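To start, the structure under review is shown below, and the notes come after it.
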Amino acid sequence: MQYRLCRGVLFIVVLAFTSNLFALVAPEIGSGADVSARLAKLEQQTADAKSSADNAWMLTSAALVLMMTGPGLALFYGGLVRKKNVLSTMMQSFAMMALISVLWAICGYSLAFGPGSSFIGNLQHLFLRGVTLQPEPDYSATIPHQTFMIYQLMFAIITPALITGAFAERMKFSAMALFMVLWAFLVYDPMAHMVWGKGGLLNAALGGRFPTLDFAGGTVVHVTSGVSALVCALYLGKRVGYPNEAMPPHSVVLSFVGACMLWVGWFGFNAGSALSAGTLATSAFVATHLGSAAAAIGWVAVEWLRNGKPSTLGAISGSVAGLVAITPAAGFVGPMSALVIGFVAGVVCYLMVAKVKAKFGYDDSLDAFGVHGAGGTLGAMLTGVFASSVINPIFKDANGNALPSGMIQGNFHQVLNQLVGVAIAWTLAIVGTFIILKIVDATIGLRVTTEHEIQGLDLSQHGEEGYYWEVST
Amino acid sequence: MLRMIVSGEKGDMTKIEAIIQTSKLEPVKNALHEIGVEGMTVIEVRGHGRQKGHTEVYRGREYTVDLIPKIKVEMVVADNMVEKIERAIIGAAQTGKIGDGKIFLSRIDEAIRIRNDERGDNAL
């Protein structure tokens, strides 16, 4: 009896459900005439879904790249200085997060990505005019223009922050702020425009005169910051007591945490540079990871052979060097090429930091040049060697067929193009930075007084201490 | 009892305590190494004499820091070294401004090396 009742109820439920379904579908089948309208709607929905997916990844990437500066780089650099300078060092990175963001919204984005000349953008996007929630097809067809803008901002933030490692522990905060503002206009914006901007001289994706392959900023970010860092270190001179006094990192623990955050954040930096959530992002992600891993091994291996011990600081420095070198290459090279690039970068950057710096005696305090300048240059050149059209068919013939990308594929010319890109980045960084240093030196002065330097910049510049002393009660 | 007689040089040792600027530790250490001082104990201390402190501001609240970080270098030496050491410390740590620090001397009755129970200035 109960069984029957159940069956009866079930029957009614099933009937009700199917008839409902039919009611939903039936009218559309009935009016078959507007199939094309439905198809268009479906296409729109698919495009929207793809756009949402890409946008989700790009917003995540933007946040990851911001995390590289703060707290990543701030911790990495903060741990490397003496404890009397920990706050001032972290503050220099944080100041970029505030300062460059405001500049970017006012005119920085326009100068970098507005369609201008071969060298710099115009003022079309002044105050973010025209930077809407619709895509800008030339840069990224599937994400809002504002997403692209905010993502690019995070690069503009970390690049000057990297330079601070060269003049750590001795530059006035005011001078640093003025220097960075001028540097953003004179060096970063033009370089970003040349490589990534519409009409840029070196833009590989949009038909530049010398197409330089730079997926995520090997020249734009690392060569410019690293070389500028060297100019700063040479111009400012050594810290009081360098190199006779020991100035070891006050907390490798902080640096360790910072470096690990850099590694994670770099996935946003490189895989995000695909500007979409597709397969290219995966390829860049994998190359990034393997490059970093191989570089950590490369650095530690040489260090172990030379000093007898594998150090923690060596391991994390190596991984950062690998991330730097793989930055232009990720998105163009396969996993095995990434291993090679990373390993070579680990070895070369170690030698730059441990041998070359000591030989020439400049005080690149936190090795901004040794890691970013050298690693960036190396990575940019090796990109010309290892780039593969299988990973990313960036060059195409008139019929849309992929042309060879790098030297190994037979495109020997690409190494020359990379050289042009690197040479322009070096020149711009050297000349631009030197001029800016002269200006700042002549107006407000660059260095703190010897007395303030000895006291430490935390107290003399900011009136604070990183580790306030109190008696436990 | 026997040991006390053997060690007979009681009282010819001096403890030198030098309170110096933190930034002068390296120069002082180097100067002391140069004149052959083999051992020292270094302590991070806080305090003040006539030197004024400074203020720090955290979210608008002012804190006066009047206990200034200093370095205290302590060593016990044979008397004939004392004057040389004084000169070396002053030469390396003097800037001529308030806050350079002070040196204190006091007599030491006995020194004992824990490893082998050696006594007197042999134990230094």
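Residue numbering restarts at 1 for every chain of the structure tokens, chains are lettered A, B, ... in their displayed order, and ligands are numbered from 1 as they appear.
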
Next item on the list: Just need the residues of chain B within 9 Å of chain A, counting only C-alpha atoms, so spit them out as a PyMOL selection string.
Entry: chain B and resi 23+26-27+54-58

Exercise: A:Ala402 partners within 12 Å, only C-alpha atoms, chain neighbours under 4 positions left out, as a PDB file with C-alpha atoms, in the first residue's frame:
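See result_30.pdb below for the written result:
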ATOM      1  CA  SER A 388      60.350  29.160 -29.357  1.00  0.00           C
ATOM      2  CA  SER A 389      57.378  29.691 -31.649  1.00  0.00           C
ATOM      3  CA  VAL A 390      55.931  26.439 -30.317  1.00  0.00           C
ATOM      4  CA  ILE A 391      55.394  28.125 -26.956  1.00  0.00           C
ATOM      5  CA  ASN A 392      54.386  31.511 -28.298  1.00  0.00           C
ATOM      6  CA  PRO A 393      54.053  32.215 -32.047  1.00  0.00           C
ATOM      7  CA  ILE A 394      54.803  35.917 -31.693  1.00  0.00           C
ATOM      8  CA  PHE A 395      56.207  36.442 -35.181  1.00  0.00           C
ATOM      9  CA  LYS A 396      53.957  35.543 -38.093  1.00  0.00           C
ATOM     10  CA  ASP A 397      54.192  35.794 -41.851  1.00  0.00           C
ATOM     11  CA  ALA A 398      51.540  37.410 -44.037  1.00  0.00           C
ATOM     12  CA  GLN A 409      64.974  27.864 -34.050  1.00  0.00           C
TER      13      GLN A 409
END

Checklist line | Non-local contacts of stretch 411-421 of chain A (8 Å; only C-alpha atoms; under 4 positions in same chain excluded) as a PyMOL selection string | finding: chain A and resi 202+210-213+219+380-381+383-385+404-407+425

Margin query: Excluding A:Glu169 and its own-chain neighbours fewer than 6 positions away, which residues fall within 9 Å of it when counting only C-alpha atoms? Please give them as a PyMOL selection string.
Written below: chain A and resi 81-82+84-86+88-89+239+365+453+456-457

Those residues with C-alpha atoms, as a PDB file, in the first residue's frame please?
ATOM      1  CA  VAL A  81      70.423  45.940   6.250  1.00  0.00           C
ATOM      2  CA  ARG A  82      71.643  46.706   9.746  1.00  0.00           C
ATOM      3  CA  LYS A  84      69.179  50.675  12.675  1.00  0.00           C
ATOM      4  CA  ASN A  85      68.009  50.968   9.053  1.00  0.00           C
ATOM      5  CA  VAL A  86      65.307  48.325   8.855  1.00  0.00           C
ATOM      6  CA  SER A  88      63.850  53.237   6.485  1.00  0.00           C
ATOM      7  CA  THR A  89      64.579  50.440   4.031  1.00  0.00           C
ATOM      8  CA  ARG A 239      78.542  53.689   3.285  1.00  0.00           C
ATOM      9  CA  SER A 365      74.672  47.449  -0.700  1.00  0.00           C
ATOM     10  CA  GLU A 453      74.207  57.761   8.832  1.00  0.00           C
ATOM     11  CA  GLY A 456      70.841  55.085  11.503  1.00  0.00           C
ATOM     12  CA  LEU A 457      68.169  56.248   9.071  1.00  0.00           C
TER      13      LEU A 457
END

Notebook entry, point to check: Rounded to one decimal in Å, what is the spacing between atom CA of A:Gly314 and atom CA of A:Thr164?
Noted result: 20.2 Å

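Residue neighbourhood of stretch 262-268 of chain A, excluding near-sequence residues (fewer than 4 positions): Ser61, Leu64, Val65, Met68, Gly72, Gly272 and Phe285 of chain A, at 6 Å, using only C-alpha atoms.
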
Check: What is the distance between atom CA of A:Leu75 and atom CA of A:Gly258, in Å to one decimal?
Finding: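 Rounded to one decimal, the two atoms are 4.6 Å apart.
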
Item checked: Residue set, chain B restricted to helix (DSSP H, G or I), as a ChimeraX atom specification -> /B:2-7,22-34,79-93,120-123

For the residues in that selection, give me C-alpha atoms as a compact mmCIF listing (two decimals), in the first residue's frame.
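Below is the file part-v4.txt, written as the result:
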# COMPACT_ATOMS: atom_id res chain seq x y z
CA LEU B 2 100.12 26.50 48.25
CA ARG B 3 98.46 27.88 45.20
CA MET B 4 98.02 31.27 46.79
CA ILE B 5 101.72 31.46 47.45
CA VAL B 6 102.62 30.29 43.98
CA SER B 7 100.30 32.72 42.35
CA THR B 22 78.17 51.84 19.49
CA SER B 23 79.74 52.97 16.24
CA LYS B 24 83.18 52.99 17.85
CA LEU B 25 83.27 49.30 18.72
CA GLU B 26 85.00 48.28 15.50
CA PRO B 27 87.74 50.95 15.69
CA VAL B 28 88.34 50.24 19.38
CA LYS B 29 88.49 46.51 18.79
CA ASN B 30 90.97 47.01 15.97
CA ALA B 31 93.13 49.36 18.05
CA LEU B 32 93.20 46.86 20.89
CA HIS B 33 94.11 43.98 18.62
CA GLU B 34 96.93 46.09 17.24
CA ASP B 79 99.00 46.29 35.07
CA ASN B 80 101.83 47.06 32.65
CA MET B 81 99.32 47.06 29.77
CA VAL B 82 96.85 49.50 31.27
CA GLU B 83 98.26 52.75 30.01
CA LYS B 84 98.71 51.49 26.47
CA ILE B 85 95.14 50.28 26.46
CA GLU B 86 93.78 53.58 27.76
CA ARG B 87 95.59 55.41 24.97
CA ALA B 88 94.33 52.98 22.38
CA ILE B 89 90.71 53.28 23.48
CA ILE B 90 90.78 57.05 23.68
CA GLY B 91 92.53 57.29 20.34
CA ALA B 92 89.93 55.14 18.66
CA ALA B 93 86.73 56.24 20.41
CA GLY B 120 96.91 35.04 38.42
CA ASP B 121 97.90 36.86 35.26
CA ASN B 122 98.79 33.52 33.68
CA ALA B 123 95.07 33.01 33.51

Please provide the set of residues having any atom within 12 Å of A:Lys438, restricted to only C-alpha atoms, with same-chain residues fewer than 3 positions apart removed, written as a PDB file with C-alpha atoms, in the first residue's frame.
ATOM      1  CA  ALA A 175      65.984  62.821  -1.892  1.00  0.00           C
ATOM      2  CA  LEU A 178      62.238  63.146  -5.504  1.00  0.00           C
ATOM      3  CA  PHE A 179      64.644  60.819  -7.285  1.00  0.00           C
ATOM      4  CA  LEU A 182      61.790  61.878 -11.710  1.00  0.00           C
ATOM      5  CA  VAL A 231      74.844  54.348 -11.176  1.00  0.00           C
ATOM      6  CA  CYS A 232      73.367  55.309  -7.788  1.00  0.00           C
ATOM      7  CA  TYR A 235      77.455  58.333  -7.515  1.00  0.00           C
ATOM      8  CA  LEU A 236      76.562  58.209  -3.820  1.00  0.00           C
ATOM      9  CA  VAL A 431      71.962  58.675 -18.726  1.00  0.00           C
ATOM     10  CA  GLY A 432      68.575  59.178 -17.065  1.00  0.00           C
ATOM     11  CA  THR A 433      69.733  58.186 -13.609  1.00  0.00           C
ATOM     12  CA  PHE A 434      72.872  60.283 -13.804  1.00  0.00           C
ATOM     13  CA  ILE A 435      70.921  63.393 -14.800  1.00  0.00           C
ATOM     14  CA  ASP A 441      72.114  66.505  -5.544  1.00  0.00           C
ATOM     15  CA  ALA A 442      72.103  70.139  -6.622  1.00  0.00           C
ATOM     16  CA  THR A 443      68.694  70.927  -5.136  1.00  0.00           C
ATOM     17  CA  ILE A 444      68.067  69.051  -1.894  1.00  0.00           C
ATOM     18  CA  GLY A 445      71.179  66.896  -1.602  1.00  0.00           C
ATOM     19  CA  LEU A 446      71.323  63.127  -1.788  1.00  0.00           C
TER      20      LEU A 446
END

Next item on the list: Can you pull out every residue within 12 Å of A:Leu186, counting only C-alpha atoms, but drop anything in the same chain fewer than 4 positions away, and send it as a count of residues only?
Entry: 27

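Remark: for B:Asp12, the closest of the candidate residues B:Leu124, B:Ile114, B:Val73, B:Val45 is B:Leu124 (distances computed over only C-alpha atoms).
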
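Taking atom CA of A:Gly217 and atom CA of A:Gly376 as endpoints, the distance between them is 8.6 Å.
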
Notebook entry, point to check: Which is closest to B:Ile112 among B:Glu44, B:Lys52, B:Val76, B:Ile71, if we use only C-alpha atoms?
Noted result: B:Val76
